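Okay, query-v4.cif is below, mmCIF, C-alpha atoms:
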```
data_entry
#
loop_
_atom_site.group_PDB
_atom_site.id
_atom_site.type_symbol
_atom_site.label_atom_id
_atom_site.label_comp_id
_atom_site.auth_asym_id
_atom_site.auth_seq_id
_atom_site.Cartn_x
_atom_site.Cartn_y
_atom_site.Cartn_z
ATOM 1 C CA MET Z 1 28.831 88.391 77.989
ATOM 2 C CA LYS Z 2 31.256 88.147 80.859
ATOM 3 C CA ILE Z 3 34.820 89.301 80.278
ATOM 4 C CA LYS Z 4 37.519 87.181 81.867
ATOM 5 C CA ASN Z 5 40.140 88.731 84.106
ATOM 6 C CA GLN Z 6 43.144 90.040 82.216
ATOM 7 C CA TYR Z 7 46.528 89.273 83.694
ATOM 8 C CA LYS Z 8 49.536 91.297 82.726
ATOM 9 C CA LEU Z 9 53.061 89.989 82.761
ATOM 10 C CA LYS Z 10 55.420 92.746 81.668
ATOM 11 C CA PHE Z 11 59.017 92.177 80.666
ATOM 12 C CA PHE Z 12 61.443 95.080 81.004
ATOM 13 C CA GLY Z 13 64.533 93.411 79.567
ATOM 14 C CA VAL Z 14 67.629 91.524 80.617
ATOM 15 C CA ASP Z 15 70.687 92.989 82.292
ATOM 16 C CA ILE Z 16 73.918 91.025 81.913
ATOM 17 C CA ILE Z 17 75.629 91.901 85.180
ATOM 18 C CA ARG Z 18 78.632 89.561 85.088
ATOM 19 C CA VAL Z 19 80.615 87.895 82.306
ATOM 20 C CA GLU Z 20 83.722 85.810 82.874
ATOM 21 C CA PHE Z 21 85.506 84.272 79.895
ATOM 22 C CA VAL Z 22 88.707 82.264 80.249
ATOM 23 C CA SER Z 23 90.462 80.894 77.178
ATOM 24 C CA ARG Z 24 92.933 78.096 77.791
ATOM 25 C CA LYS Z 25 94.058 77.594 74.188
ATOM 26 C CA PRO Z 26 92.763 78.277 70.666
ATOM 27 C CA ILE Z 27 89.928 76.003 69.691
ATOM 28 C CA GLU Z 28 91.048 73.177 67.434
ATOM 29 C CA ASN Z 29 87.819 71.243 67.045
ATOM 30 C CA PRO Z 30 84.700 73.402 66.662
ATOM 31 C CA GLU Z 31 82.588 70.341 67.472
ATOM 32 C CA SER Z 32 84.189 69.766 70.882
ATOM 33 C CA GLU Z 33 82.028 68.567 73.724
ATOM 34 C CA ILE Z 34 80.470 71.437 75.651
ATOM 35 C CA ASP Z 35 78.909 71.312 79.097
ATOM 36 C CA LEU Z 36 76.073 73.769 79.789
ATOM 37 C CA ASP Z 37 74.783 74.537 83.277
ATOM 38 C CA VAL Z 38 71.821 76.878 83.864
ATOM 39 C CA ASP Z 39 70.758 77.848 87.380
ATOM 40 C CA VAL Z 40 67.634 79.996 87.734
ATOM 41 C CA LYS Z 41 66.308 81.722 90.847
ATOM 42 C CA ILE Z 42 63.576 84.244 91.544
ATOM 43 C CA PHE Z 43 63.881 87.412 93.611
ATOM 44 C CA TYR Z 44 61.053 89.570 94.982
ATOM 45 C CA PRO Z 45 62.154 93.105 95.930
ATOM 46 C CA GLU Z 46 60.673 94.161 99.244
ATOM 47 C CA SER Z 47 59.741 97.607 97.951
ATOM 48 C CA GLU Z 48 57.383 96.550 95.141
ATOM 49 C CA LYS Z 49 54.886 93.698 95.477
ATOM 50 C CA ASP Z 50 54.222 93.452 91.723
ATOM 51 C CA GLU Z 51 57.854 93.427 90.587
ATOM 52 C CA PHE Z 52 60.170 90.465 90.530
ATOM 53 C CA LYS Z 53 63.505 89.518 89.052
ATOM 54 C CA ILE Z 54 64.802 86.297 87.582
ATOM 55 C CA LEU Z 55 68.473 85.636 88.292
ATOM 56 C CA MET Z 56 70.010 83.293 85.724
ATOM 57 C CA ASN Z 57 73.546 81.952 86.121
ATOM 58 C CA VAL Z 58 74.847 80.218 83.011
ATOM 59 C CA GLY Z 59 78.065 78.231 82.791
ATOM 60 C CA VAL Z 60 79.541 77.013 79.512
ATOM 61 C CA ASP Z 61 82.581 74.734 79.654
ATOM 62 C CA CYS Z 62 84.258 73.655 76.442
ATOM 63 C CA PHE Z 63 86.664 71.158 77.943
ATOM 64 C CA GLU Z 64 90.342 72.136 77.707
ATOM 65 C CA THR Z 65 89.502 75.171 75.535
ATOM 66 C CA TYR Z 66 87.413 77.803 77.338
ATOM 67 C CA THR Z 67 84.907 78.543 80.062
ATOM 68 C CA LEU Z 68 82.222 81.197 80.002
ATOM 69 C CA ASN Z 69 80.188 82.133 83.059
ATOM 70 C CA LEU Z 70 77.601 84.853 83.142
ATOM 71 C CA THR Z 71 74.886 86.206 85.357
ATOM 72 C CA ALA Z 72 71.777 87.767 83.849
ATOM 73 C CA VAL Z 73 68.883 89.495 85.581
ATOM 74 C CA GLY Z 74 65.445 89.551 83.962
ATOM 75 C CA ASN Z 75 63.180 92.391 85.089
ATOM 76 C CA PHE Z 76 59.450 91.695 85.283
ATOM 77 C CA GLU Z 77 56.164 92.909 86.668
ATOM 78 C CA VAL Z 78 52.956 90.950 87.091
ATOM 79 C CA ARG Z 79 49.592 92.567 87.786
ATOM 80 C CA LEU Z 80 46.734 90.443 89.009
ATOM 81 C CA ASN Z 81 43.285 91.580 89.971
ATOM 82 C CA GLU Z 82 43.011 89.925 93.386
ATOM 83 C CA GLU Z 83 45.289 88.686 96.138
ATOM 84 C CA LYS Z 84 43.681 85.238 96.058
ATOM 85 C CA GLU Z 85 45.209 84.651 92.616
ATOM 86 C CA SER Z 86 48.614 83.794 94.068
ATOM 87 C CA ASN Z 87 48.564 80.331 92.452
ATOM 88 C CA LEU Z 88 48.135 81.944 89.056
ATOM 89 C CA ARG Z 89 50.936 84.378 89.862
ATOM 90 C CA SER Z 90 53.246 81.522 90.752
ATOM 91 C CA GLY Z 91 52.387 79.725 87.503
ATOM 92 C CA LEU Z 92 53.083 82.819 85.414
ATOM 93 C CA LEU Z 93 56.436 83.285 87.087
ATOM 94 C CA GLN Z 94 57.505 79.655 87.007
ATOM 95 C CA ARG Z 95 56.604 78.926 83.390
ATOM 96 C CA ASN Z 96 56.525 82.143 81.445
ATOM 97 C CA ALA Z 97 59.187 84.427 82.897
ATOM 98 C CA THR Z 98 62.141 82.119 82.270
ATOM 99 C CA ALA Z 99 60.829 81.238 78.803
ATOM 100 C CA ILE Z 100 60.661 84.943 77.947
ATOM 101 C CA MET Z 101 64.139 85.703 79.300
ATOM 102 C CA PHE Z 102 66.140 82.718 78.064
ATOM 103 C CA PRO Z 103 66.282 83.651 74.333
ATOM 104 C CA TYR Z 104 68.029 86.908 75.233
ATOM 105 C CA VAL Z 105 70.682 85.031 77.212
ATOM 106 C CA ARG Z 106 71.068 82.470 74.379
ATOM 107 C CA SER Z 107 71.553 85.289 71.889
ATOM 108 C CA PHE Z 108 74.150 87.011 74.072
ATOM 109 C CA ILE Z 109 76.189 83.802 74.402
ATOM 110 C CA SER Z 110 76.029 83.080 70.662
ATOM 111 C CA THR Z 111 77.106 86.616 69.775
ATOM 112 C CA PHE Z 112 79.837 86.661 72.418
ATOM 113 C CA THR Z 113 81.367 83.339 71.371
ATOM 114 C CA SER Z 114 81.258 84.331 67.694
ATOM 115 C CA ASN Z 115 83.277 87.485 68.452
ATOM 116 C CA VAL Z 116 86.208 86.074 70.438
ATOM 117 C CA GLY Z 117 88.170 84.834 67.430
ATOM 118 C CA ASN Z 118 89.979 81.513 67.692
ATOM 119 C CA SER Z 119 89.371 81.332 71.429
ATOM 120 C CA ALA Z 120 85.942 79.772 70.892
ATOM 121 C CA SER Z 121 83.663 78.617 68.143
ATOM 122 C CA THR Z 122 80.155 80.048 67.958
ATOM 123 C CA PHE Z 123 78.075 78.251 70.548
ATOM 124 C CA ILE Z 124 74.359 78.095 69.857
ATOM 125 C CA ILE Z 125 72.402 76.890 72.865
ATOM 126 C CA PRO Z 126 69.406 74.723 72.070
ATOM 127 C CA ALA Z 127 65.997 75.883 73.271
ATOM 128 C CA LYS Z 128 65.455 74.945 76.896
ATOM 129 C CA PHE Z 129 62.279 74.585 78.861
ATOM 130 C CA PHE Z 130 62.399 75.140 82.600
ATOM 131 C CA LYS Z 131 60.365 72.847 84.807
ATOM 132 C CA GLY Z 132 59.849 72.713 88.513
ATOM 133 C CA GLU Z 133 59.878 75.363 91.178
ATOM 134 C CA LEU Z 134 62.307 78.266 91.009
ATOM 135 C CA GLU Z 135 64.302 78.781 94.168
ATOM 136 C CA GLU Z 136 63.506 82.077 95.867
ATOM 137 C CA ILE Z 137 66.525 84.100 96.960
ATOM 138 C CA LYS Z 138 66.682 86.636 99.743
ATOM 139 C CA PHE Z 139 69.170 89.286 100.832
ATOM 140 C CA ASP Z 140 70.757 86.955 103.371
ATOM 141 C CA SER Z 141 71.770 84.561 100.591
ATOM 142 C CA SER Z 142 75.324 83.897 99.443
ATOM 143 C CA LEU Z 143 75.152 86.233 96.441
ATOM 144 C CA GLU Z 144 78.017 88.620 95.977
ATOM 145 C CA ASN Z 145 77.326 92.246 96.954
ATOM 146 C CA ASP Z 146 77.591 93.563 93.373
ATOM 147 C CA GLU Z 147 75.035 90.977 92.224
ATOM 148 C CA LEU Z 148 72.613 92.019 94.965
ATOM 149 C CA ASP Z 149 73.118 95.688 94.090
ATOM 150 C CA ALA Z 150 72.347 94.994 90.421
ATOM 151 C CA ILE Z 151 69.245 92.991 91.327
ATOM 152 C CA GLU Z 152 67.903 95.747 93.572
ATOM 153 C CA GLU Z 153 68.167 98.462 90.902
#
```

What's the structure tokens form of this structure?
Amino acid sequence: MKIKNQYKLKFFGVDIIRVEFVSRKPIENPESEIDLDVDVKIFYPESEKDEFKILMNVGVDCFETYTLNLTAVGNFEVRLNEEKESNLRSGLLQRNATAIMFPYVRSFISTFTSNVGNSASTFIIPAKFFKGELEEIKFDSSLENDELDAIEE
């Protein structure tokens, strides 16, 4: 019996590196329209070929009431048996890594908005599936220095 190759995708947690909350006025209608924007990018540190980071910027705008913007970094490692398995590596990163990380970000936003009193109503983000290619970021990108420092660590 032949044993198939085992691929290991390890998740080391999510770091919330930036949170910005601006309340314009107390919330009057808990069912107000809310705009959600999620931007996801992938970062490969030069020092480790098996490690990578997912950078997720999330913007929540409850019109005329509040805005919440945060940046989260998911820390991962993928171990494959051979270099020629780069297509498999890309698939693991594109599909699985964001799906693993997103519930932690959803939970943070729900907990945060439930704890700010009358400034916001609890916002529960629906499950989201990411499709398409993640943009790869490099050190010469337009990220702020503190974001790059947090990603490198």

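Shortest separation to Phe11 of chain Z among Z:Ser107, Z:Arg95, Z:Ala127, Z:Gly74 occurs at residue Z:Gly74, atoms counted being all atoms listed in the file.
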
Assuming the chain letters and numbering stay as they are in my file, what does the PyMOL selection byres ((chain Z and resi 124) around 12) actually select? List them as an mmCIF file with C-alpha atoms, keeping the file's coordinate frame.
```
data_model
loop_
_atom_site.group_PDB
_atom_site.id
_atom_site.type_symbol
_atom_site.label_atom_id
_atom_site.label_comp_id
_atom_site.auth_asym_id
_atom_site.auth_seq_id
_atom_site.Cartn_x
_atom_site.Cartn_y
_atom_site.Cartn_z
ATOM 1 C CA PRO Z 30 84.700 73.402 66.662
ATOM 2 C CA GLU Z 31 82.588 70.341 67.472
ATOM 3 C CA ILE Z 34 80.470 71.437 75.651
ATOM 4 C CA LEU Z 36 76.073 73.769 79.789
ATOM 5 C CA VAL Z 60 79.541 77.013 79.512
ATOM 6 C CA PRO Z 103 66.282 83.651 74.333
ATOM 7 C CA VAL Z 105 70.682 85.031 77.212
ATOM 8 C CA ARG Z 106 71.068 82.470 74.379
ATOM 9 C CA SER Z 107 71.553 85.289 71.889
ATOM 10 C CA PHE Z 108 74.150 87.011 74.072
ATOM 11 C CA ILE Z 109 76.189 83.802 74.402
ATOM 12 C CA SER Z 110 76.029 83.080 70.662
ATOM 13 C CA THR Z 111 77.106 86.616 69.775
ATOM 14 C CA PHE Z 112 79.837 86.661 72.418
ATOM 15 C CA THR Z 113 81.367 83.339 71.371
ATOM 16 C CA SER Z 114 81.258 84.331 67.694
ATOM 17 C CA ALA Z 120 85.942 79.772 70.892
ATOM 18 C CA SER Z 121 83.663 78.617 68.143
ATOM 19 C CA THR Z 122 80.155 80.048 67.958
ATOM 20 C CA PHE Z 123 78.075 78.251 70.548
ATOM 21 C CA ILE Z 125 72.402 76.890 72.865
ATOM 22 C CA PRO Z 126 69.406 74.723 72.070
ATOM 23 C CA ALA Z 127 65.997 75.883 73.271
ATOM 24 C CA LYS Z 128 65.455 74.945 76.896
#
```

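Straight-line separation from atom CA of Gly59 of chain Z to atom CA of Pro45 of chain Z: 25.4 Å.
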
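Taking atom CA of Lys53 of chain Z and atom CA of Glu20 of chain Z as endpoints, the distance between them is 21.5 Å.
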
Go ahead and compute the interatomic distance for atom CA of Ser32 of chain Z and atom CA of Val58 of chain Z, in Å to one decimal.
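Rounded to one decimal, the two atoms are 18.5 Å apart.
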
For Ile100 of chain Z, which residue out of Z:Val14, Z:Phe21, Z:Cys62, Z:Val78 is the nearest one, using all atoms listed in the file?
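Distance minimum relative to Ile100 of chain Z lands on Z:Val14.
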
Since I can't run it myself right now, could you work out what the PyMOL selection byres ((chain Z and resi 98) around 9) selects here and report it as a list in words?
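Listing what the PyMOL selection byres ((chain Z and resi 98) around 9) selects in the shown file: Val40, Ile54, Met56, Gly74, Leu93, Gln94, Arg95, Asn96, Ala97, Ala99, Ile100, Met101, Phe102, Phe129 and Phe130 of chain Z.
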
Find, counting only C-alpha atoms, the residue in Z:Glu46, Z:Glu51, Z:Glu33, Z:Asp39 that gets nearest to Thr71 of chain Z.
Z:Asp39

Once the PyMOL selection byres ((chain Z and resi 50) around 10) has been evaluated on this model, what residues remain selected, and can you format them as a PyMOL selection string?
chain Z and resi 9+44-49+51-52+76-80+89

Return the single residue from Z:Tyr104, Z:Tyr66, Z:Phe12, Z:Leu55 that is closest to Arg24 of chain Z, with distances computed using all atoms listed in the file.
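The answer is Z:Tyr66, which sits nearest to Arg24 of chain Z.
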
Just checking: using all atoms listed in the file, which residue out of Z:Asp37, Z:Lys10, Z:Asp15, Z:Ser119 ends up closest to Val73 of chain Z?
Z:Asp15

Atom completion result for segment 117-129 of chain Z (N, CA and C atoms) as a PDB file, in the coordinates of the input:
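Result saved to rebuild_2.pdb:
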```
ATOM      1  N   GLY Z 117      87.132  85.365  68.320  1.00  0.00           N
ATOM      2  CA  GLY Z 117      88.170  84.834  67.430  1.00  0.00           C
ATOM      3  C   GLY Z 117      88.372  83.344  67.596  1.00  0.00           C
ATOM      4  N   ASN Z 118      89.632  82.931  67.592  1.00  0.00           N
ATOM      5  CA  ASN Z 118      89.979  81.513  67.692  1.00  0.00           C
ATOM      6  C   ASN Z 118      89.889  80.960  69.110  1.00  0.00           C
ATOM      7  N   SER Z 119      89.492  81.793  70.049  1.00  0.00           N
ATOM      8  CA  SER Z 119      89.371  81.332  71.429  1.00  0.00           C
ATOM      9  C   SER Z 119      88.157  80.432  71.630  1.00  0.00           C
ATOM     10  N   ALA Z 120      87.162  80.579  70.766  1.00  0.00           N
ATOM     11  CA  ALA Z 120      85.942  79.772  70.892  1.00  0.00           C
ATOM     12  C   ALA Z 120      85.256  79.718  69.541  1.00  0.00           C
ATOM     13  N   SER Z 121      84.526  78.661  69.323  1.00  0.00           N
ATOM     14  CA  SER Z 121      83.663  78.617  68.143  1.00  0.00           C
ATOM     15  C   SER Z 121      82.283  79.105  68.574  1.00  0.00           C
ATOM     16  N   THR Z 122      81.493  79.558  67.635  1.00  0.00           N
ATOM     17  CA  THR Z 122      80.155  80.048  67.958  1.00  0.00           C
ATOM     18  C   THR Z 122      79.357  78.936  68.625  1.00  0.00           C
ATOM     19  N   PHE Z 123      78.840  79.229  69.786  1.00  0.00           N
ATOM     20  CA  PHE Z 123      78.075  78.251  70.548  1.00  0.00           C
ATOM     21  C   PHE Z 123      76.612  78.661  70.525  1.00  0.00           C
ATOM     22  N   ILE Z 124      75.789  77.838  69.926  1.00  0.00           N
ATOM     23  CA  ILE Z 124      74.359  78.095  69.857  1.00  0.00           C
ATOM     24  C   ILE Z 124      73.669  77.136  70.815  1.00  0.00           C
ATOM     25  N   ILE Z 125      73.066  77.691  71.838  1.00  0.00           N
ATOM     26  CA  ILE Z 125      72.402  76.890  72.865  1.00  0.00           C
ATOM     27  C   ILE Z 125      71.039  76.442  72.343  1.00  0.00           C
ATOM     28  N   PRO Z 126      70.741  75.176  72.483  1.00  0.00           N
ATOM     29  CA  PRO Z 126      69.406  74.723  72.070  1.00  0.00           C
ATOM     30  C   PRO Z 126      68.331  75.326  72.976  1.00  0.00           C
ATOM     31  N   ALA Z 127      67.113  75.385  72.456  1.00  0.00           N
ATOM     32  CA  ALA Z 127      65.997  75.883  73.271  1.00  0.00           C
ATOM     33  C   ALA Z 127      65.873  75.034  74.523  1.00  0.00           C
ATOM     34  N   LYS Z 128      65.548  75.654  75.620  1.00  0.00           N
ATOM     35  CA  LYS Z 128      65.455  74.945  76.896  1.00  0.00           C
ATOM     36  C   LYS Z 128      64.152  75.325  77.570  1.00  0.00           C
ATOM     37  N   PHE Z 129      63.502  74.345  78.137  1.00  0.00           N
ATOM     38  CA  PHE Z 129      62.279  74.585  78.861  1.00  0.00           C
ATOM     39  C   PHE Z 129      62.545  74.321  80.328  1.00  0.00           C
TER      40      PHE Z 129
END
```
